[in-house]
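Here's data_27.cif, which has mmCIF, N, CA and C atoms:
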```
data_work
#
loop_
_atom_site.label_atom_id
_atom_site.label_comp_id
_atom_site.auth_asym_id
_atom_site.auth_seq_id
_atom_site.Cartn_x
_atom_site.Cartn_y
_atom_site.Cartn_z
N MET A 19 -4.38 10.40 12.24
CA MET A 19 -4.27 11.71 11.62
C MET A 19 -4.06 12.78 12.69
N ASN A 20 -4.70 12.64 13.86
CA ASN A 20 -4.55 13.63 14.92
C ASN A 20 -3.12 13.73 15.40
N VAL A 21 -2.44 12.61 15.54
CA VAL A 21 -1.05 12.62 16.01
C VAL A 21 -0.18 13.36 15.01
N LEU A 22 -0.35 13.09 13.71
CA LEU A 22 0.45 13.77 12.69
C LEU A 22 0.20 15.26 12.67
N SER A 23 -1.04 15.66 12.84
CA SER A 23 -1.38 17.07 12.65
C SER A 23 -1.28 17.92 13.92
N ASN A 24 -1.27 17.31 15.07
CA ASN A 24 -1.30 18.09 16.32
C ASN A 24 0.01 18.12 17.08
N ASN A 25 1.07 17.63 16.51
CA ASN A 25 2.37 17.65 17.16
C ASN A 25 3.36 18.39 16.28
N ARG A 26 4.29 19.08 16.89
CA ARG A 26 5.27 19.86 16.13
C ARG A 26 6.17 18.96 15.29
N VAL A 27 6.48 17.78 15.79
CA VAL A 27 7.27 16.82 15.04
C VAL A 27 6.58 15.47 15.14
N SER A 28 6.34 14.84 14.00
CA SER A 28 5.72 13.51 13.96
C SER A 28 6.48 12.65 12.98
N VAL A 29 6.47 11.36 13.23
CA VAL A 29 7.13 10.41 12.33
C VAL A 29 6.14 9.33 11.97
N LEU A 30 5.97 9.13 10.68
CA LEU A 30 5.10 8.07 10.18
C LEU A 30 6.00 6.94 9.71
N ILE A 31 5.89 5.78 10.34
CA ILE A 31 6.76 4.66 10.00
C ILE A 31 5.94 3.47 9.51
N GLY A 32 6.60 2.60 8.76
CA GLY A 32 5.96 1.39 8.28
C GLY A 32 6.81 0.77 7.20
N PRO A 33 6.57 -0.49 6.90
CA PRO A 33 7.35 -1.18 5.87
C PRO A 33 7.14 -0.55 4.48
N ALA A 34 8.06 -0.84 3.60
CA ALA A 34 7.98 -0.35 2.22
C ALA A 34 6.69 -0.83 1.57
N GLY A 35 6.09 0.07 0.79
CA GLY A 35 4.91 -0.31 0.02
C GLY A 35 3.61 -0.33 0.79
N THR A 36 3.58 0.23 1.99
CA THR A 36 2.35 0.18 2.79
C THR A 36 1.49 1.43 2.65
N GLY A 37 1.93 2.40 1.84
CA GLY A 37 1.10 3.57 1.56
C GLY A 37 1.40 4.80 2.40
N LYS A 38 2.60 4.90 2.95
CA LYS A 38 2.94 6.07 3.77
C LYS A 38 2.88 7.36 2.95
N THR A 39 3.46 7.37 1.77
CA THR A 39 3.45 8.57 0.92
C THR A 39 2.03 8.91 0.51
N LYS A 40 1.25 7.91 0.17
CA LYS A 40 -0.15 8.15 -0.20
C LYS A 40 -0.91 8.76 0.97
N LEU A 41 -0.68 8.25 2.17
CA LEU A 41 -1.33 8.79 3.36
C LEU A 41 -0.94 10.25 3.58
N LEU A 42 0.33 10.57 3.37
CA LEU A 42 0.78 11.96 3.52
C LEU A 42 0.11 12.87 2.49
N ASN A 43 -0.09 12.37 1.27
CA ASN A 43 -0.80 13.16 0.26
C ASN A 43 -2.25 13.40 0.65
N ILE A 44 -2.89 12.39 1.23
CA ILE A 44 -4.27 12.54 1.73
C ILE A 44 -4.28 13.55 2.88
N PHE A 45 -3.31 13.45 3.74
CA PHE A 45 -3.16 14.38 4.87
C PHE A 45 -3.11 15.83 4.38
N CYS A 46 -2.37 16.07 3.30
CA CYS A 46 -2.22 17.42 2.76
C CYS A 46 -3.50 17.95 2.14
N GLU A 47 -4.44 17.09 1.84
CA GLU A 47 -5.71 17.50 1.26
C GLU A 47 -6.74 17.88 2.33
N GLN A 48 -6.43 17.64 3.59
CA GLN A 48 -7.36 18.00 4.66
C GLN A 48 -7.43 19.53 4.75
N SER A 49 -8.63 20.07 4.95
CA SER A 49 -8.83 21.52 4.90
C SER A 49 -7.97 22.27 5.89
N PHE A 50 -7.75 21.73 7.08
CA PHE A 50 -6.96 22.43 8.08
C PHE A 50 -5.47 22.45 7.75
N ILE A 51 -5.03 21.62 6.83
CA ILE A 51 -3.65 21.63 6.35
C ILE A 51 -3.58 22.39 5.03
N LYS A 52 -4.48 22.08 4.14
CA LYS A 52 -4.51 22.62 2.78
C LYS A 52 -4.56 24.15 2.74
N THR A 53 -5.19 24.76 3.73
CA THR A 53 -5.33 26.21 3.74
C THR A 53 -4.02 26.92 4.10
N GLY A 54 -3.06 26.21 4.66
CA GLY A 54 -1.77 26.80 5.01
C GLY A 54 -0.72 26.48 3.96
N SER A 55 0.47 26.95 4.19
CA SER A 55 1.58 26.68 3.26
C SER A 55 2.20 25.32 3.61
N ILE A 56 2.48 24.54 2.58
CA ILE A 56 3.02 23.19 2.75
C ILE A 56 4.33 23.07 1.98
N LEU A 57 5.35 22.57 2.64
CA LEU A 57 6.63 22.28 2.00
C LEU A 57 6.79 20.77 1.98
N ARG A 58 6.94 20.20 0.77
CA ARG A 58 7.12 18.76 0.62
C ARG A 58 8.54 18.53 0.11
N LEU A 59 9.32 17.78 0.88
CA LEU A 59 10.71 17.51 0.53
C LEU A 59 10.99 16.02 0.52
N ALA A 60 12.01 15.65 -0.25
CA ALA A 60 12.47 14.26 -0.30
C ALA A 60 13.99 14.28 -0.55
N PRO A 61 14.69 13.28 -0.05
CA PRO A 61 16.14 13.26 -0.23
C PRO A 61 16.59 12.87 -1.64
N THR A 62 15.74 12.22 -2.41
CA THR A 62 16.13 11.77 -3.75
C THR A 62 15.09 12.22 -4.78
N GLY A 63 15.51 12.24 -6.03
CA GLY A 63 14.61 12.60 -7.11
C GLY A 63 13.45 11.63 -7.25
N LYS A 64 13.72 10.35 -7.08
CA LYS A 64 12.66 9.34 -7.20
C LYS A 64 11.60 9.53 -6.12
N ALA A 65 12.05 9.76 -4.90
CA ALA A 65 11.10 9.99 -3.81
C ALA A 65 10.33 11.28 -4.04
N ARG A 66 10.97 12.29 -4.60
CA ARG A 66 10.31 13.55 -4.91
C ARG A 66 9.18 13.34 -5.91
N VAL A 67 9.45 12.58 -6.96
CA VAL A 67 8.43 12.30 -7.98
C VAL A 67 7.23 11.61 -7.35
N ASN A 68 7.47 10.68 -6.44
CA ASN A 68 6.37 9.95 -5.78
C ASN A 68 5.50 10.87 -4.93
N MET A 69 6.06 11.99 -4.47
CA MET A 69 5.31 12.91 -3.62
C MET A 69 4.39 13.83 -4.42
N GLY A 70 4.66 14.02 -5.69
CA GLY A 70 3.81 14.89 -6.50
C GLY A 70 4.54 16.09 -7.05
N LYS A 71 3.83 16.87 -7.84
CA LYS A 71 4.45 17.96 -8.60
C LYS A 71 4.99 19.10 -7.76
N ASN A 72 4.48 19.30 -6.56
CA ASN A 72 4.93 20.42 -5.73
C ASN A 72 6.11 20.07 -4.83
N ALA A 73 6.57 18.84 -4.88
CA ALA A 73 7.67 18.41 -4.01
C ALA A 73 9.01 18.86 -4.60
N LYS A 74 9.98 18.98 -3.70
CA LYS A 74 11.35 19.35 -4.09
C LYS A 74 12.32 18.38 -3.44
N THR A 75 13.51 18.28 -4.03
CA THR A 75 14.55 17.53 -3.33
C THR A 75 15.16 18.44 -2.28
N LEU A 76 15.72 17.84 -1.25
CA LEU A 76 16.41 18.63 -0.23
C LEU A 76 17.52 19.48 -0.84
N ALA A 77 18.25 18.89 -1.78
CA ALA A 77 19.36 19.61 -2.40
C ALA A 77 18.87 20.87 -3.12
N THR A 78 17.82 20.75 -3.90
CA THR A 78 17.28 21.90 -4.63
C THR A 78 16.79 22.97 -3.67
N PHE A 79 16.04 22.56 -2.68
CA PHE A 79 15.50 23.50 -1.70
C PHE A 79 16.61 24.22 -0.94
N LEU A 80 17.58 23.45 -0.44
CA LEU A 80 18.64 24.03 0.38
C LEU A 80 19.66 24.81 -0.44
N TYR A 81 19.83 24.46 -1.70
CA TYR A 81 20.73 25.21 -2.57
C TYR A 81 20.22 26.65 -2.73
N LYS A 82 18.93 26.79 -2.96
CA LYS A 82 18.34 28.12 -3.12
C LYS A 82 18.44 28.96 -1.85
N LEU A 83 18.53 28.29 -0.71
CA LEU A 83 18.64 28.98 0.57
C LEU A 83 20.08 29.03 1.08
N LYS A 84 21.02 28.77 0.19
CA LYS A 84 22.46 28.87 0.48
C LYS A 84 22.91 27.98 1.64
N ARG A 85 22.41 26.73 1.60
CA ARG A 85 22.80 25.75 2.62
C ARG A 85 23.22 24.42 1.99
N TYR A 86 23.50 24.46 0.70
CA TYR A 86 23.99 23.26 -0.02
C TYR A 86 24.95 23.71 -1.10
N ASN A 87 26.09 23.04 -1.16
CA ASN A 87 27.08 23.31 -2.20
C ASN A 87 27.09 22.13 -3.17
N PRO A 88 26.60 22.31 -4.39
CA PRO A 88 26.54 21.18 -5.33
C PRO A 88 27.92 20.71 -5.79
N ASP A 89 28.91 21.58 -5.75
CA ASP A 89 30.26 21.18 -6.17
C ASP A 89 30.87 20.17 -5.21
N THR A 90 30.65 20.37 -3.91
CA THR A 90 31.21 19.46 -2.91
C THR A 90 30.15 18.49 -2.36
N GLN A 91 28.88 18.74 -2.73
CA GLN A 91 27.74 17.97 -2.24
C GLN A 91 27.65 18.01 -0.72
N GLN A 92 27.97 19.17 -0.16
CA GLN A 92 27.91 19.34 1.29
C GLN A 92 26.71 20.20 1.69
N TYR A 93 26.07 19.78 2.76
CA TYR A 93 24.98 20.53 3.38
C TYR A 93 25.54 21.19 4.62
N PHE A 94 25.08 22.40 4.93
CA PHE A 94 25.66 23.11 6.07
C PHE A 94 24.68 24.14 6.62
N ILE A 95 24.93 24.53 7.86
CA ILE A 95 24.17 25.60 8.50
C ILE A 95 24.75 26.92 8.02
N ASN A 96 23.87 27.89 7.75
CA ASN A 96 24.31 29.21 7.31
C ASN A 96 23.45 30.26 8.03
N PRO A 97 23.88 30.70 9.22
CA PRO A 97 23.06 31.63 10.00
C PRO A 97 22.85 32.99 9.32
N ASN A 98 23.65 33.30 8.31
CA ASN A 98 23.52 34.58 7.61
C ASN A 98 22.56 34.51 6.43
N ALA A 99 22.09 33.34 6.09
CA ALA A 99 21.22 33.16 4.93
C ALA A 99 19.75 33.32 5.34
N GLU A 100 18.93 33.53 4.34
CA GLU A 100 17.49 33.70 4.52
C GLU A 100 16.85 32.45 5.12
N GLN A 101 15.81 32.65 5.93
CA GLN A 101 14.98 31.56 6.42
C GLN A 101 13.60 31.68 5.77
N VAL A 102 12.92 30.56 5.64
CA VAL A 102 11.58 30.55 5.06
C VAL A 102 10.60 29.98 6.08
N LYS A 103 9.33 30.35 5.92
CA LYS A 103 8.30 29.88 6.83
C LYS A 103 7.24 29.09 6.07
N TYR A 104 6.96 27.91 6.55
CA TYR A 104 5.88 27.07 6.06
C TYR A 104 5.08 26.62 7.26
N ASP A 105 3.77 26.47 7.08
CA ASP A 105 2.94 25.98 8.17
C ASP A 105 3.17 24.49 8.41
N THR A 106 3.35 23.74 7.34
CA THR A 106 3.57 22.29 7.43
C THR A 106 4.78 21.92 6.59
N VAL A 107 5.69 21.16 7.18
CA VAL A 107 6.87 20.66 6.46
C VAL A 107 6.84 19.14 6.51
N ILE A 108 6.90 18.52 5.33
CA ILE A 108 6.89 17.06 5.23
C ILE A 108 8.18 16.62 4.55
N VAL A 109 8.90 15.71 5.19
CA VAL A 109 10.10 15.12 4.60
C VAL A 109 9.82 13.64 4.42
N ASP A 110 9.59 13.24 3.17
CA ASP A 110 9.35 11.83 2.87
C ASP A 110 10.69 11.10 2.84
N GLU A 111 10.66 9.83 3.16
CA GLU A 111 11.89 9.02 3.19
C GLU A 111 12.93 9.65 4.12
N SER A 112 12.48 10.18 5.24
CA SER A 112 13.38 10.90 6.15
C SER A 112 14.44 10.02 6.78
N SER A 113 14.26 8.72 6.75
CA SER A 113 15.31 7.84 7.30
C SER A 113 16.58 7.89 6.44
N MET A 114 16.46 8.43 5.23
CA MET A 114 17.61 8.52 4.33
C MET A 114 18.43 9.79 4.52
N ILE A 115 17.91 10.77 5.28
CA ILE A 115 18.65 12.02 5.37
C ILE A 115 19.74 11.95 6.44
N THR A 116 20.78 12.71 6.20
CA THR A 116 21.93 12.75 7.12
C THR A 116 21.71 13.82 8.19
N GLU A 117 22.55 13.80 9.19
CA GLU A 117 22.48 14.83 10.23
C GLU A 117 22.73 16.22 9.64
N GLU A 118 23.65 16.32 8.69
CA GLU A 118 23.95 17.59 8.07
C GLU A 118 22.75 18.12 7.28
N GLN A 119 22.05 17.24 6.57
CA GLN A 119 20.86 17.65 5.84
C GLN A 119 19.78 18.14 6.79
N LEU A 120 19.56 17.41 7.87
CA LEU A 120 18.55 17.79 8.85
C LEU A 120 18.91 19.13 9.49
N ALA A 121 20.16 19.31 9.85
CA ALA A 121 20.59 20.57 10.47
C ALA A 121 20.39 21.74 9.51
N ALA A 122 20.73 21.55 8.24
CA ALA A 122 20.55 22.61 7.24
C ALA A 122 19.07 22.92 7.05
N LEU A 123 18.23 21.89 7.04
CA LEU A 123 16.80 22.08 6.89
C LEU A 123 16.22 22.86 8.06
N ILE A 124 16.57 22.47 9.26
CA ILE A 124 16.09 23.17 10.46
C ILE A 124 16.59 24.61 10.46
N ASP A 125 17.83 24.81 10.06
CA ASP A 125 18.41 26.15 10.01
C ASP A 125 17.70 27.03 8.98
N SER A 126 17.15 26.43 7.93
CA SER A 126 16.52 27.20 6.86
C SER A 126 15.07 27.56 7.14
N SER A 127 14.48 26.93 8.15
CA SER A 127 13.05 27.06 8.38
C SER A 127 12.75 27.80 9.68
N THR A 128 11.67 28.53 9.66
CA THR A 128 11.21 29.21 10.85
C THR A 128 9.69 29.15 10.93
N GLY A 129 9.18 28.98 12.11
CA GLY A 129 7.76 29.13 12.33
C GLY A 129 6.84 28.01 11.88
N ALA A 130 7.35 26.82 11.58
CA ALA A 130 6.46 25.72 11.19
C ALA A 130 5.56 25.37 12.37
N THR A 131 4.28 25.17 12.10
CA THR A 131 3.34 24.82 13.15
C THR A 131 2.98 23.37 13.15
N LYS A 132 3.22 22.66 12.02
CA LYS A 132 2.89 21.23 11.91
C LYS A 132 4.00 20.52 11.21
#
```
Let me see the file written as structure tokens.
Amino acid sequence: MNVLSNNRVSVLIGPAGTGKTKLLNIFCEQSFIKTGSILRLAPTGKARVNMGKNAKTLATFLYKLKRYNPDTQQYFINPNAEQVKYDTVIVDESSMITEEQLAALIDSSTGATK
């Protein structure tokens, strides 16, 4: 838990079905995380549902921040668009995201501490 919470970028890896998403949900219930703002993202709708009611898909999140075009299904950097700040950002199933999705996500966020 210390490695996940005390580094600016952490990766939790393991085989399918070993409880990674469940562990991340427990992580979010810790008082030092829970008191801050948490952004939970997933690349697919199914992964989003597994994360809980407050999770969003990358497409939904980035569309609202003008970094996703649903007509072309393209993700992009938009330096003129709004940025948002969350204390903790979690991307479940992150091995599924593309470089363009990651770049758009980083471009949309500012000030994450965990």
**Request:** List every residue of segment 20-116 of chain A that DSSP, applied to the backbone of this structure, places in strand (DSSP E or B), and write the result as an NGL selection string.
**Result:** :A and (56-60 or 74-75 or 86-87 or 92-93 or 102 or 106-109)
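Between atom C of Asn87 of chain A and atom C of Thr62 of chain A the interatomic distance comes to 15.6 Å.
The space separating atom N of Arg85 of chain A from atom N of Ser126 of chain A comes to 8.2 Å.
The nearest approach to Arg66 of chain A among the residues A:Leu30, A:Ser127, A:Ala121, A:Asp110, with only N, CA and C atoms taken into account, belongs to A:Asp110.
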**Gap from atom CA of Lys82 of chain A to atom CA of Ser113 of chain A - Å, one decimal** =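 Atom CA of Ser113 of chain A lies 23.0 Å from atom CA of Lys82 of chain A.
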**Request:** Give me the residues within 6 Å of Thr128 of chain A as number ranges by chain, counting only N, CA and C atoms and dropping any in the same chain fewer than 5 places off.
**Result:** A: 101-104
**Request:** Could you tell me which residues the PyMOL selection byres ((chain A and resi 44-61) around 5) returns for this structure, as a list of chain:residue names?
**Result:**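 Output from the PyMOL selection byres ((chain A and resi 44-61) around 5), applied to this file: A:Lys40, A:Leu41, A:Leu42, A:Asn43, A:Thr62, A:Gly63, A:Arg66, A:Ala73, A:Lys74, A:Thr75, A:Leu76, A:Tyr104, A:Asp105, A:Thr106, A:Val107, A:Ile108, A:Val109, A:Asp110.
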**Request:** Check the DSSP output for the backbone and give back, as a list in words, the residues of segment 53-130 of chain A in helix (DSSP H, G or I).
**Result:**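 For segment 53-130 of chain A, the helix (DSSP H, G or I) set is Gly63, Lys64, Ala65, Arg66, Val67, Asn68, Met69, Leu76, Ala77, Thr78, Phe79, Leu80, Tyr81, Lys82, Ser112, Ser113, Met114, Glu117, Glu118, Gln119, Leu120, Ala121, Ala122, Leu123, Ile124, Asp125 and Ser126 of chain A.
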**Request:** May I ask which of the residues A:Ala77, A:Ser112, A:Thr36, A:Asn96 is the closest one to Asp125 of chain A, counting only N, CA and C atoms?
**Result:** A:Asn96
Start from the incomplete input, build N, CA, C and O atoms for segment 76-100 of chain A, and deliver everything as a PDB file, in the frame of the given file.
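Saved to selection16.pdb:
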```pdb
ATOM      1  N   LEU A  76      15.720  17.840  -1.250  1.00  0.00           N
ATOM      2  CA  LEU A  76      16.410  18.630  -0.230  1.00  0.00           C
ATOM      3  C   LEU A  76      17.520  19.480  -0.840  1.00  0.00           C
ATOM      4  O   LEU A  76      17.688  20.632  -0.478  1.00  0.00           O
ATOM      5  N   ALA A  77      18.250  18.890  -1.780  1.00  0.00           N
ATOM      6  CA  ALA A  77      19.360  19.610  -2.400  1.00  0.00           C
ATOM      7  C   ALA A  77      18.870  20.870  -3.120  1.00  0.00           C
ATOM      8  O   ALA A  77      19.426  21.954  -2.947  1.00  0.00           O
ATOM      9  N   THR A  78      17.820  20.750  -3.900  1.00  0.00           N
ATOM     10  CA  THR A  78      17.280  21.900  -4.630  1.00  0.00           C
ATOM     11  C   THR A  78      16.790  22.970  -3.670  1.00  0.00           C
ATOM     12  O   THR A  78      17.084  24.158  -3.836  1.00  0.00           O
ATOM     13  N   PHE A  79      16.040  22.560  -2.680  1.00  0.00           N
ATOM     14  CA  PHE A  79      15.500  23.500  -1.700  1.00  0.00           C
ATOM     15  C   PHE A  79      16.610  24.220  -0.940  1.00  0.00           C
ATOM     16  O   PHE A  79      16.615  25.437  -0.819  1.00  0.00           O
ATOM     17  N   LEU A  80      17.580  23.450  -0.440  1.00  0.00           N
ATOM     18  CA  LEU A  80      18.640  24.030   0.380  1.00  0.00           C
ATOM     19  C   LEU A  80      19.660  24.810  -0.440  1.00  0.00           C
ATOM     20  O   LEU A  80      20.278  25.751   0.067  1.00  0.00           O
ATOM     21  N   TYR A  81      19.830  24.460  -1.700  1.00  0.00           N
ATOM     22  CA  TYR A  81      20.730  25.210  -2.570  1.00  0.00           C
ATOM     23  C   TYR A  81      20.220  26.650  -2.730  1.00  0.00           C
ATOM     24  O   TYR A  81      20.984  27.606  -2.618  1.00  0.00           O
ATOM     25  N   LYS A  82      18.930  26.790  -2.960  1.00  0.00           N
ATOM     26  CA  LYS A  82      18.340  28.120  -3.120  1.00  0.00           C
ATOM     27  C   LYS A  82      18.440  28.960  -1.850  1.00  0.00           C
ATOM     28  O   LYS A  82      18.449  30.180  -1.906  1.00  0.00           O
ATOM     29  N   LEU A  83      18.530  28.290  -0.710  1.00  0.00           N
ATOM     30  CA  LEU A  83      18.640  28.980   0.570  1.00  0.00           C
ATOM     31  C   LEU A  83      20.080  29.030   1.080  1.00  0.00           C
ATOM     32  O   LEU A  83      20.325  29.270   2.259  1.00  0.00           O
ATOM     33  N   LYS A  84      21.020  28.770   0.190  1.00  0.00           N
ATOM     34  CA  LYS A  84      22.460  28.870   0.480  1.00  0.00           C
ATOM     35  C   LYS A  84      22.910  27.980   1.640  1.00  0.00           C
ATOM     36  O   LYS A  84      23.675  28.386   2.499  1.00  0.00           O
ATOM     37  N   ARG A  85      22.410  26.730   1.600  1.00  0.00           N
ATOM     38  CA  ARG A  85      22.800  25.750   2.620  1.00  0.00           C
ATOM     39  C   ARG A  85      23.220  24.420   1.990  1.00  0.00           C
ATOM     40  O   ARG A  85      23.283  23.415   2.659  1.00  0.00           O
ATOM     41  N   TYR A  86      23.500  24.460   0.700  1.00  0.00           N
ATOM     42  CA  TYR A  86      23.990  23.260  -0.020  1.00  0.00           C
ATOM     43  C   TYR A  86      24.950  23.710  -1.100  1.00  0.00           C
ATOM     44  O   TYR A  86      24.655  24.642  -1.854  1.00  0.00           O
ATOM     45  N   ASN A  87      26.090  23.040  -1.160  1.00  0.00           N
ATOM     46  CA  ASN A  87      27.080  23.310  -2.200  1.00  0.00           C
ATOM     47  C   ASN A  87      27.090  22.130  -3.170  1.00  0.00           C
ATOM     48  O   ASN A  87      27.561  21.044  -2.800  1.00  0.00           O
ATOM     49  N   PRO A  88      26.600  22.310  -4.390  1.00  0.00           N
ATOM     50  CA  PRO A  88      26.540  21.180  -5.330  1.00  0.00           C
ATOM     51  C   PRO A  88      27.920  20.710  -5.790  1.00  0.00           C
ATOM     52  O   PRO A  88      28.067  19.556  -6.171  1.00  0.00           O
ATOM     53  N   ASP A  89      28.910  21.580  -5.750  1.00  0.00           N
ATOM     54  CA  ASP A  89      30.260  21.180  -6.170  1.00  0.00           C
ATOM     55  C   ASP A  89      30.870  20.170  -5.210  1.00  0.00           C
ATOM     56  O   ASP A  89      31.525  19.215  -5.635  1.00  0.00           O
ATOM     57  N   THR A  90      30.650  20.370  -3.910  1.00  0.00           N
ATOM     58  CA  THR A  90      31.210  19.460  -2.910  1.00  0.00           C
ATOM     59  C   THR A  90      30.150  18.490  -2.360  1.00  0.00           C
ATOM     60  O   THR A  90      30.472  17.608  -1.594  1.00  0.00           O
ATOM     61  N   GLN A  91      28.880  18.740  -2.730  1.00  0.00           N
ATOM     62  CA  GLN A  91      27.740  17.970  -2.240  1.00  0.00           C
ATOM     63  C   GLN A  91      27.650  18.010  -0.720  1.00  0.00           C
ATOM     64  O   GLN A  91      27.262  17.035  -0.079  1.00  0.00           O
ATOM     65  N   GLN A  92      27.970  19.170  -0.160  1.00  0.00           N
ATOM     66  CA  GLN A  92      27.910  19.340   1.290  1.00  0.00           C
ATOM     67  C   GLN A  92      26.710  20.200   1.690  1.00  0.00           C
ATOM     68  O   GLN A  92      26.426  21.212   1.050  1.00  0.00           O
ATOM     69  N   TYR A  93      26.070  19.780   2.760  1.00  0.00           N
ATOM     70  CA  TYR A  93      24.980  20.530   3.380  1.00  0.00           C
ATOM     71  C   TYR A  93      25.540  21.190   4.620  1.00  0.00           C
ATOM     72  O   TYR A  93      26.376  20.609   5.312  1.00  0.00           O
ATOM     73  N   PHE A  94      25.080  22.400   4.930  1.00  0.00           N
ATOM     74  CA  PHE A  94      25.660  23.110   6.070  1.00  0.00           C
ATOM     75  C   PHE A  94      24.680  24.140   6.620  1.00  0.00           C
ATOM     76  O   PHE A  94      23.744  24.566   5.940  1.00  0.00           O
ATOM     77  N   ILE A  95      24.930  24.530   7.860  1.00  0.00           N
ATOM     78  CA  ILE A  95      24.170  25.600   8.500  1.00  0.00           C
ATOM     79  C   ILE A  95      24.750  26.920   8.020  1.00  0.00           C
ATOM     80  O   ILE A  95      25.960  27.071   7.885  1.00  0.00           O
ATOM     81  N   ASN A  96      23.870  27.890   7.750  1.00  0.00           N
ATOM     82  CA  ASN A  96      24.310  29.210   7.310  1.00  0.00           C
ATOM     83  C   ASN A  96      23.450  30.260   8.030  1.00  0.00           C
ATOM     84  O   ASN A  96      22.406  30.665   7.516  1.00  0.00           O
ATOM     85  N   PRO A  97      23.880  30.700   9.220  1.00  0.00           N
ATOM     86  CA  PRO A  97      23.060  31.630  10.000  1.00  0.00           C
ATOM     87  C   PRO A  97      22.850  32.990   9.320  1.00  0.00           C
ATOM     88  O   PRO A  97      21.971  33.742   9.705  1.00  0.00           O
ATOM     89  N   ASN A  98      23.650  33.300   8.310  1.00  0.00           N
ATOM     90  CA  ASN A  98      23.520  34.580   7.610  1.00  0.00           C
ATOM     91  C   ASN A  98      22.560  34.510   6.430  1.00  0.00           C
ATOM     92  O   ASN A  98      22.268  35.535   5.811  1.00  0.00           O
ATOM     93  N   ALA A  99      22.090  33.340   6.090  1.00  0.00           N
ATOM     94  CA  ALA A  99      21.220  33.160   4.930  1.00  0.00           C
ATOM     95  C   ALA A  99      19.750  33.320   5.340  1.00  0.00           C
ATOM     96  O   ALA A  99      19.388  33.218   6.510  1.00  0.00           O
ATOM     97  N   GLU A 100      18.930  33.530   4.340  1.00  0.00           N
ATOM     98  CA  GLU A 100      17.490  33.700   4.520  1.00  0.00           C
ATOM     99  C   GLU A 100      16.850  32.450   5.120  1.00  0.00           C
ATOM    100  O   GLU A 100      17.289  31.326   4.867  1.00  0.00           O
TER     101      GLU A 100
END
```
